[in-house]
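J.: Quick one, entry-v5.cif (mmCIF, C-alpha atoms and all ligand atoms):
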data_protein
#
loop_
_atom_site.label_atom_id
_atom_site.label_comp_id
_atom_site.auth_asym_id
_atom_site.auth_seq_id
_atom_site.Cartn_x
_atom_site.Cartn_y
_atom_site.Cartn_z
CA MET A 8 13.87 -20.85 1.27
CA HIS A 9 16.10 -18.28 2.93
CA ALA A 10 15.13 -14.62 2.69
CA ASN A 11 16.90 -11.49 3.84
CA ILE A 12 14.31 -8.97 4.96
CA VAL A 13 15.26 -5.37 5.73
CA VAL A 14 13.12 -3.97 8.52
CA LEU A 15 12.53 -0.21 8.82
CA PRO A 16 10.45 0.45 11.96
CA GLY A 17 10.55 4.25 11.59
CA ASP A 18 8.71 6.54 14.01
CA GLY A 19 5.70 6.69 16.34
CA ILE A 20 3.84 3.36 16.40
CA GLY A 21 6.15 2.06 13.63
CA PRO A 22 8.47 0.14 16.01
CA GLU A 23 5.47 -1.30 17.93
CA ILE A 24 3.61 -2.67 14.90
CA VAL A 25 6.78 -3.93 13.25
CA SER A 26 8.01 -5.75 16.34
CA ALA A 27 4.57 -7.36 16.68
CA THR A 28 4.74 -8.50 13.04
CA LEU A 29 8.20 -10.12 13.00
CA PRO A 30 7.11 -13.05 15.25
CA VAL A 31 4.29 -13.73 12.74
CA LEU A 32 6.87 -14.01 9.93
CA GLU A 33 9.05 -16.18 12.16
CA ALA A 34 6.11 -18.47 12.90
CA VAL A 35 5.34 -18.75 9.16
CA ALA A 36 8.99 -19.58 8.47
CA ALA A 37 9.06 -22.25 11.19
CA ARG A 38 5.83 -23.86 10.00
CA HIS A 39 6.78 -23.93 6.32
CA GLY A 40 10.50 -24.75 6.60
CA HIS A 41 11.91 -21.35 5.62
CA SER A 42 14.47 -19.15 7.31
CA PHE A 43 14.11 -15.38 7.35
CA SER A 44 16.80 -13.03 8.60
CA PHE A 45 15.83 -9.52 9.67
CA GLN A 46 18.17 -6.55 9.36
CA GLU A 47 16.96 -3.42 11.06
CA HIS A 48 17.78 0.06 9.69
CA ASP A 49 16.71 3.65 10.29
CA ILE A 50 14.37 5.73 8.13
CA GLY A 51 12.34 8.89 8.73
CA GLY A 52 12.55 10.99 11.89
CA ILE A 53 14.72 8.57 13.82
CA ALA A 54 17.18 8.59 10.91
CA ILE A 55 17.23 12.41 10.97
CA ASP A 56 18.04 12.28 14.71
CA ARG A 57 20.74 9.65 14.38
CA HIS A 58 22.25 10.37 10.95
CA GLY A 59 21.08 13.87 10.00
CA GLU A 60 19.10 12.61 6.99
CA PRO A 61 15.81 10.70 6.53
CA LEU A 62 17.32 8.02 4.31
CA PRO A 63 20.92 7.19 5.26
CA ALA A 64 22.97 5.63 2.45
CA SER A 65 23.39 2.51 4.60
CA THR A 66 19.61 2.00 4.71
CA LEU A 67 19.21 2.34 0.94
CA GLU A 68 22.18 0.05 0.33
CA ALA A 69 20.76 -2.62 2.65
CA ALA A 70 17.32 -2.33 0.96
CA LYS A 71 18.87 -2.74 -2.48
CA ASN A 72 20.56 -5.95 -1.36
CA ALA A 73 17.50 -7.35 0.41
CA ASP A 74 14.80 -9.72 -0.81
CA ALA A 75 12.13 -7.39 0.59
CA VAL A 76 11.61 -4.40 2.88
CA LEU A 77 9.07 -4.23 5.71
CA LEU A 78 8.35 -0.67 6.84
CA GLY A 79 6.39 0.70 9.83
CA ALA A 80 5.65 4.40 9.41
CA VAL A 81 7.52 7.69 9.47
CA GLY A 82 6.90 11.18 10.77
CA GLY A 83 5.66 12.94 13.85
CA PRO A 84 5.36 16.35 15.51
CA LYS A 85 9.04 16.43 16.45
CA TRP A 86 10.02 16.70 12.77
CA SER A 87 7.01 18.52 11.33
CA ASP A 88 8.30 22.12 11.38
CA PRO A 89 7.28 23.40 7.91
CA ASN A 90 10.59 25.29 7.65
CA ALA A 91 12.71 22.23 8.42
CA LYS A 92 15.28 21.44 5.73
CA VAL A 93 14.87 17.69 6.08
CA ARG A 94 11.59 15.90 6.72
CA PRO A 95 10.88 12.23 7.49
CA GLU A 96 8.57 11.78 4.46
CA GLN A 97 11.49 12.60 2.13
CA GLY A 98 12.96 9.30 3.24
CA LEU A 99 9.94 7.42 1.85
CA LEU A 100 10.08 9.15 -1.54
CA ALA A 101 13.84 8.61 -1.72
CA ILE A 102 13.72 4.88 -0.92
CA ARG A 103 10.90 4.26 -3.45
CA LYS A 104 12.90 6.11 -6.09
CA GLY A 105 16.16 4.43 -5.09
CA LEU A 106 14.59 0.98 -5.49
CA GLY A 107 12.79 1.91 -8.76
CA LEU A 108 9.34 1.16 -7.35
CA PHE A 109 6.59 2.38 -9.68
CA ALA A 110 3.43 0.51 -8.69
CA ASN A 111 1.68 0.93 -5.36
CA LEU A 112 -0.83 -1.82 -4.59
CA ARG A 113 -3.56 -1.35 -2.00
CA PRO A 114 -5.94 -4.23 -1.47
CA VAL A 115 -9.34 -3.32 0.00
CA ARG A 116 -11.32 -6.27 1.33
CA PRO A 117 -13.69 -5.19 4.09
CA HIS A 118 -13.90 -7.87 6.75
CA ALA A 119 -17.35 -9.05 7.82
CA ALA A 120 -16.63 -8.48 11.52
CA ALA A 121 -15.46 -4.89 10.88
CA LEU A 122 -18.17 -3.77 8.42
CA GLY A 123 -19.75 -1.62 11.09
CA ALA A 124 -16.54 0.45 11.30
CA SER A 125 -17.06 1.77 7.74
CA PRO A 126 -19.27 4.80 7.08
CA ILE A 127 -20.63 2.96 4.01
CA LYS A 128 -23.74 0.77 4.34
CA SER A 129 -22.82 -2.84 5.14
CA GLU A 130 -24.93 -4.32 2.30
CA LEU A 131 -22.78 -2.45 -0.23
CA LEU A 132 -19.58 -3.77 1.33
CA GLU A 133 -20.25 -7.50 1.49
CA GLY A 134 -18.05 -9.33 -1.03
CA VAL A 135 -15.95 -6.28 -1.92
CA ASP A 136 -12.45 -7.36 -2.96
CA ILE A 137 -10.50 -4.67 -4.81
CA VAL A 138 -6.84 -3.92 -5.42
CA VAL A 139 -6.01 -0.36 -6.46
CA VAL A 140 -2.73 -0.05 -8.38
CA ARG A 141 -1.41 3.50 -8.33
CA GLU A 142 1.41 4.71 -10.58
CA LEU A 143 4.05 6.04 -8.21
CA THR A 144 6.81 7.85 -10.08
CA GLY A 145 5.30 10.09 -12.77
CA GLY A 146 2.51 12.55 -13.47
CA ILE A 147 1.83 15.97 -12.04
CA TYR A 148 3.58 15.35 -8.70
CA PHE A 149 6.94 15.03 -10.44
CA GLY A 150 6.52 17.43 -13.40
CA ASP A 151 8.19 20.85 -13.71
CA LYS A 152 6.69 23.50 -11.47
CA THR A 153 6.62 27.27 -11.83
CA ARG A 154 5.52 30.02 -9.48
CA SER A 155 5.41 33.78 -9.93
CA ALA A 156 3.58 36.49 -8.02
CA THR A 157 0.57 36.10 -10.30
CA ASP A 158 0.48 32.46 -11.39
CA ALA A 159 1.70 28.94 -10.82
CA SER A 160 1.83 25.74 -12.88
CA ASP A 161 2.48 22.02 -12.45
CA LEU A 162 3.30 19.97 -15.52
CA CYS A 163 1.64 16.56 -15.88
CA ARG A 164 3.75 14.29 -18.06
CA TYR A 165 3.76 10.56 -18.75
CA THR A 166 5.86 8.47 -21.09
CA VAL A 167 4.60 5.39 -22.93
CA ALA A 168 7.12 3.26 -21.03
CA GLU A 169 5.89 4.51 -17.64
CA ILE A 170 2.29 3.67 -18.53
CA GLU A 171 3.15 0.29 -20.05
CA ARG A 172 4.99 -1.01 -17.01
CA VAL A 173 2.31 -0.15 -14.45
CA VAL A 174 -0.52 -1.38 -16.69
CA ARG A 175 1.41 -4.63 -17.18
CA SER A 176 1.76 -5.09 -13.41
CA ALA A 177 -1.94 -4.41 -12.87
CA ALA A 178 -3.05 -6.67 -15.73
CA ALA A 179 -0.86 -9.51 -14.44
CA LEU A 180 -2.46 -9.05 -11.03
CA ALA A 181 -5.96 -9.06 -12.57
CA ARG A 182 -5.08 -12.29 -14.41
CA SER A 183 -4.18 -13.91 -11.07
CA ARG A 184 -7.52 -12.78 -9.58
CA ARG A 185 -10.90 -12.41 -11.32
CA GLY A 186 -9.53 -11.18 -14.67
CA HIS A 187 -11.14 -7.75 -14.62
CA LEU A 188 -9.11 -4.54 -14.96
CA THR A 189 -10.51 -1.01 -14.70
CA SER A 190 -8.24 1.74 -16.02
CA VAL A 191 -9.07 5.17 -14.63
CA ASP A 192 -8.24 8.41 -16.47
CA LYS A 193 -9.67 11.77 -17.51
CA ALA A 194 -9.43 11.15 -21.26
CA ASN A 195 -12.25 13.57 -22.07
CA VAL A 196 -10.01 16.47 -20.97
CA LEU A 197 -6.34 15.54 -20.48
CA GLU A 198 -3.82 14.61 -23.17
CA THR A 199 -1.82 12.47 -20.71
CA SER A 200 -5.05 10.56 -20.03
CA ARG A 201 -5.65 9.99 -23.75
CA LEU A 202 -2.14 8.54 -24.00
CA TRP A 203 -2.82 6.49 -20.84
CA ARG A 204 -6.02 5.07 -22.36
CA ASP A 205 -4.37 4.18 -25.70
CA VAL A 206 -1.42 2.47 -24.05
CA ALA A 207 -3.59 0.60 -21.53
CA ALA A 208 -5.85 -0.67 -24.33
CA ARG A 209 -2.88 -1.83 -26.44
CA VAL A 210 -1.00 -3.55 -23.59
CA VAL A 211 -4.08 -5.48 -22.48
CA ARG A 212 -5.13 -6.37 -26.06
CA GLU A 213 -1.67 -7.59 -27.08
CA GLU A 214 -0.37 -9.14 -23.87
CA PHE A 215 -3.41 -9.97 -21.72
CA PRO A 216 -6.20 -11.02 -24.11
CA ASP A 217 -7.76 -13.05 -21.27
CA VAL A 218 -8.17 -9.92 -19.08
CA THR A 219 -11.30 -7.79 -19.52
CA LEU A 220 -10.43 -4.08 -19.65
CA GLU A 221 -12.86 -1.33 -18.77
CA HIS A 222 -12.09 2.42 -18.91
CA GLN A 223 -13.60 4.80 -16.37
CA LEU A 224 -13.34 8.55 -16.01
CA VAL A 225 -11.95 9.49 -12.60
CA ASP A 226 -14.96 11.62 -11.62
CA SER A 227 -17.47 8.84 -12.21
CA MET A 228 -15.06 6.33 -10.63
CA ALA A 229 -15.11 8.40 -7.43
CA MET A 230 -18.89 7.81 -7.29
CA HIS A 231 -18.92 4.16 -8.40
CA LEU A 232 -16.31 3.22 -5.81
CA LEU A 233 -18.82 4.08 -3.10
CA SER A 234 -22.09 3.18 -4.85
CA ARG A 235 -21.09 -0.21 -6.33
CA PRO A 236 -17.67 -1.23 -4.97
CA ARG A 237 -18.40 -4.95 -5.60
CA ALA A 238 -18.17 -4.32 -9.36
CA TYR A 239 -14.38 -3.86 -9.25
CA ASP A 240 -11.45 -6.27 -9.20
CA VAL A 241 -8.17 -4.48 -10.09
CA ILE A 242 -8.15 -0.71 -10.68
CA VAL A 243 -5.10 0.93 -12.29
CA THR A 244 -4.55 4.65 -12.46
CA GLU A 245 -2.00 7.46 -12.62
CA ASN A 246 -0.28 9.00 -9.62
CA MET A 247 -2.60 11.81 -8.48
CA PHE A 248 -5.88 10.03 -9.30
CA GLY A 249 -4.50 7.01 -7.44
CA ASP A 250 -3.52 9.09 -4.44
CA ILE A 251 -7.10 10.32 -4.09
CA LEU A 252 -8.93 7.11 -5.02
CA THR A 253 -6.87 4.95 -2.65
CA ASP A 254 -7.76 7.14 0.31
CA GLU A 255 -11.40 7.03 -0.74
CA ALA A 256 -11.22 3.24 -1.12
CA SER A 257 -9.72 2.92 2.35
CA MET A 258 -13.00 4.16 3.80
CA LEU A 259 -14.66 0.99 2.52
CA ALA A 260 -12.62 -1.05 5.00
CA GLY A 261 -13.43 1.00 8.08
CA SER A 262 -10.21 1.24 10.06
CA LEU A 263 -6.90 2.48 8.73
CA GLY A 264 -5.41 -0.20 10.94
CA LEU A 265 -6.57 -2.93 8.54
CA LEU A 266 -5.11 -1.70 5.25
CA ALA A 267 -1.86 -3.00 3.81
CA SER A 268 0.18 -1.86 0.83
CA ALA A 269 3.02 -2.93 -1.41
CA SER A 270 5.24 -0.78 -3.61
CA LEU A 271 6.70 -2.80 -6.46
CA GLY A 272 9.04 -2.32 -9.39
CA ASP A 273 10.54 -4.57 -12.05
CA GLY A 274 12.76 -6.45 -9.62
CA LYS A 275 11.58 -8.65 -6.79
CA VAL A 276 12.42 -6.28 -3.94
CA GLY A 277 9.39 -4.32 -2.83
CA ILE A 278 8.45 -2.18 0.16
CA TYR A 279 5.57 -3.44 2.28
CA GLU A 280 3.90 -1.09 4.75
CA PRO A 281 0.55 -0.32 6.34
CA ILE A 282 -1.21 2.63 4.68
CA HIS A 283 -1.60 4.51 7.95
CA GLY A 284 0.97 6.89 9.41
CA SER A 285 2.93 6.91 12.64
CA ALA A 286 -0.14 7.72 14.82
CA PRO A 287 1.73 9.93 17.32
CA ASP A 288 -1.47 10.25 19.39
CA ILE A 289 -1.27 6.60 20.45
CA ALA A 290 2.47 5.92 20.09
CA GLY A 291 4.19 4.28 23.04
CA LYS A 292 0.95 2.94 24.52
CA GLY A 293 1.13 -0.52 22.96
CA ILE A 294 -2.45 -0.27 21.67
CA ALA A 295 -1.92 0.20 17.90
CA ASN A 296 -3.64 -2.21 15.54
CA PRO A 297 -0.92 -4.47 14.04
CA TYR A 298 -3.18 -6.17 11.43
CA ALA A 299 -2.34 -3.75 8.58
CA THR A 300 1.36 -4.42 9.09
CA ILE A 301 0.80 -8.17 9.37
CA LEU A 302 -1.27 -8.07 6.15
CA SER A 303 1.58 -6.08 4.54
CA ALA A 304 3.92 -8.91 5.59
CA ALA A 305 1.53 -11.32 3.83
CA MET A 306 1.91 -9.23 0.66
CA LEU A 307 5.70 -9.42 1.13
CA LEU A 308 5.49 -13.22 1.24
CA ARG A 309 3.37 -13.24 -1.93
CA HIS A 310 5.00 -10.60 -4.11
CA SER A 311 8.69 -10.59 -3.15
CA LEU A 312 9.21 -14.17 -1.95
CA GLY A 313 6.68 -15.98 -4.17
CA LEU A 314 5.20 -17.76 -1.12
CA GLU A 315 1.50 -17.70 -2.05
CA ALA A 316 0.34 -20.43 0.35
CA GLU A 317 2.15 -18.77 3.25
CA ALA A 318 0.66 -15.36 2.34
CA ALA A 319 -2.83 -16.85 2.18
CA ALA A 320 -2.25 -18.54 5.56
CA VAL A 321 -1.39 -15.21 7.19
CA GLU A 322 -4.44 -13.53 5.63
CA ALA A 323 -6.68 -16.37 6.79
CA ALA A 324 -5.26 -16.13 10.31
CA VAL A 325 -5.96 -12.38 10.46
CA SER A 326 -9.50 -13.02 9.18
CA SER A 327 -10.00 -15.67 11.81
CA ALA A 328 -8.78 -13.33 14.59
CA LEU A 329 -11.22 -10.68 13.34
CA ASP A 330 -14.04 -13.28 13.17
CA ASP A 331 -13.28 -14.02 16.82
CA ARG A 332 -13.44 -10.29 17.54
CA VAL A 333 -9.84 -10.00 18.64
CA PHE A 334 -9.94 -6.24 18.23
CA THR A 335 -7.54 -3.47 19.18
CA ALA A 336 -8.97 -0.18 20.49
CA ASP A 337 -9.64 1.28 17.01
CA LEU A 338 -12.22 -1.49 16.39
CA ALA A 339 -13.37 -2.66 19.82
CA PRO A 340 -16.16 -1.30 21.98
CA ALA A 341 -14.78 0.42 25.09
CA GLY A 342 -13.24 -1.98 27.59
CA GLN A 343 -13.04 -4.93 25.16
CA ALA A 344 -9.81 -4.16 23.32
CA VAL A 345 -6.63 -6.24 23.30
CA ASP A 346 -3.19 -4.69 22.97
CA THR A 347 -0.86 -4.80 19.95
CA THR A 348 1.13 -7.83 21.09
CA ARG A 349 -1.96 -9.85 22.00
CA ALA A 350 -3.56 -9.18 18.60
CA ALA A 351 -0.41 -10.37 16.83
CA GLN A 352 -0.27 -13.41 19.12
CA ALA A 353 -3.87 -14.23 18.16
CA VAL A 354 -2.78 -14.31 14.49
CA ILE A 355 0.12 -16.66 15.29
CA GLU A 356 -2.23 -19.00 17.21
CA ARG A 357 -4.50 -19.19 14.15
CA LEU A 358 -1.77 -19.86 11.55
CA ARG A 359 -2.09 -23.15 9.72
P1 LIG B 401 -2.12 8.48 10.97
O1 LIG B 401 -2.48 7.46 9.95
O2 LIG B 401 -0.82 8.31 11.65
O3 LIG B 401 -3.27 8.55 12.08
C1 LIG B 401 -4.62 8.92 11.81
C2 LIG B 401 -5.51 8.38 12.94
O4 LIG B 401 -5.62 6.96 12.80
C3 LIG B 401 -4.95 8.64 14.33
O5 LIG B 401 -6.00 8.89 15.22
C4 LIG B 401 -4.28 7.34 14.70
O6 LIG B 401 -4.23 7.08 16.08
C5 LIG B 401 -5.16 6.32 13.98
N1 LIG B 401 -4.36 5.15 13.57
C6 LIG B 401 -3.45 5.08 12.56
N2 LIG B 401 -2.91 3.87 12.51
C7 LIG B 401 -3.46 3.16 13.51
C8 LIG B 401 -3.29 1.82 13.98
N3 LIG B 401 -2.43 0.96 13.40
N4 LIG B 401 -4.02 1.42 15.03
C9 LIG B 401 -4.90 2.24 15.62
N5 LIG B 401 -5.12 3.51 15.23
C10 LIG B 401 -4.40 3.97 14.18
O7 LIG B 401 -2.18 9.90 10.23
P2 LIG B 401 -1.78 11.34 10.78
O8 LIG B 401 -2.13 11.47 12.23
O9 LIG B 401 -2.34 12.26 9.78
O10 LIG B 401 -0.20 11.41 10.61
C11 LIG B 401 0.71 11.17 11.68
C12 LIG B 401 2.11 11.19 11.11
O11 LIG B 401 2.29 10.10 10.20
C13 LIG B 401 2.43 12.45 10.32
O12 LIG B 401 3.77 12.83 10.63
C14 LIG B 401 2.33 12.01 8.87
O13 LIG B 401 3.14 12.75 8.02
C15 LIG B 401 2.82 10.59 8.98
N6 LIG B 401 2.35 9.69 7.89
C16 LIG B 401 3.22 8.74 7.50
C17 LIG B 401 2.84 7.81 6.55
C18 LIG B 401 3.82 6.73 6.19
O14 LIG B 401 4.75 6.50 6.92
N7 LIG B 401 3.62 6.04 5.09
C19 LIG B 401 1.55 7.82 6.01
C20 LIG B 401 0.65 8.80 6.48
C21 LIG B 401 1.06 9.73 7.43
#
Once you've parsed the file, please lay out its structure as structure tokens.
Ligand code: NAD

T.:
Amino acid sequence: MHANIVVLPGDGIGPEIVSATLPVLEAVAARHGHSFSFQEHDIGGIAIDRHGEPLPASTLEAAKNADAVLLGAVGGPKWSDPNAKVRPEQGLLAIRKGLGLFANLRPVRPHAAALGASPIKSELLEGVDIVVVRELTGGIYFGDKTRSATDASDLCRYTVAEIERVVRSAAALARSRRGHLTSVDKANVLETSRLWRDVAARVVREEFPDVTLEHQLVDSMAMHLLSRPRAYDVIVTENMFGDILTDEASMLAGSLGLLASASLGDGKVGIYEPIHGSAPDIAGKGIANPYATILSAAMLLRHSLGLEAEAAAVEAAVSSALDDRVFTADLAPAGQAVDTTRAAQAVIERLR
């Protein structure tokens, strides 16, 4: 197949991890008879510097016409003045909105060789394989806000349609995995959560009778995620609960440099990016861990291009590099680290 991939390196280590990842995609294309073209555009701080705005219209237009978008990271001290009118992160929100992306997927599969990097006991982590699906466009982050000298409020609102579409995405994902879906809410207190629970139950009952649905309250979920993470397959939840639970879940995997994400909507174009930021403290040194970006590229192959075998091949190659302890500085003992390019090269050498 031919695919047109828009590449948004962004700021800090973004350009380093993205340029290490493109040769992996090229190697996959060569081995499996595909051709991928890469179109690079600006987003974030670099876009503010060059175009005066974090998401230039040309970037959004290119993303809308692409098969998929691979993103590095945005932000950094240069653009972090709290009084600044434009900020790099606005570019991320704007591109997600512009592409209608409502489901953020974060797989968490701690790798045997990196278990020691997690603060959680290794015996709890073996066999953990979770995907958290976070609703991305609704809830309290986007509701009306008020502020006076004596009080403030944030409205949490969800529509049936918003809940249905993200639950459908998560249930379809659960069906393609182990068939278990956990819906997380706060239905003992919040009306939006009671609606969430009703809609989730109906969608799964009517459209995914083969998927087992379990409801969990967010407070107990926060405990279970650490005390028995093996019990979960796909977890779906609203925007703010998902924001918090995904960061908690990332601790299961040890290094931020290993965690990929996908933001998906109804169409096939999605945004694929590592969950970490632009790491200004190590930018420009060529030592960033590229595996999270490479694993994001695997998600791109799977979810936007429908290339499951190719995605699995990339994931297996990253696993094999980790098995062989090809570690960047975030994972390696002092003096034993490889650089960004070498780690990506190790993945290419292990591709089948
Ligand atoms: P960060 O994720 O950039 O870095 C946190 C720590 O993890 C740093 O010590 C960093 O060196 C390390 N780290 C991150 N990625 C790594 C990698 N691939 N390899 C090795 N080490 C890695 O978070 P931060 O320092 O809080 O934020 C820095 C900037 O990134 C801020 O401007 C923030 O707003 C932005 N940010 C962007 C995104 C995004 O683009 N999606 C996400 C989070 C933060």

J.: Determine the nearest neighbour of A:Ile102 from the options A:His41, A:Val276, A:Ala290, A:Leu307, counting only C-alpha atoms.

T.: A:Val276

J.: Residues within 6 Å of ligand LIG 401 (chain B), counting all atoms listed in the file: report them as a PyMOL selection string.

T.: chain A and resi 80-83+263-264+282-289+295-297+337

J.: Would you mind reading off the distance between atom CA of A:Gln352 and atom CA of A:Ser125, one decimal, in Å?

T.: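 These two atoms are separated by 25.3 Å.
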
J.: For atom CA of A:Gly51 and atom CA of A:Lys71, quote the distance in Å rounded to one decimal.

T.: 17.4 Å

J.: When you count all atoms listed in the file, which of these residues is closest to A:Thr253: A:Ala181, A:Ile20, A:Val345, A:Leu233?

T.: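 Closest to A:Thr253 of all the choices is A:Leu233.
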
J.: Could you tell me how far atom CA of A:Val321 lies from atom CA of A:Ile301, in Å and to one decimal?

T.: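 A separation of 7.7 Å between them.
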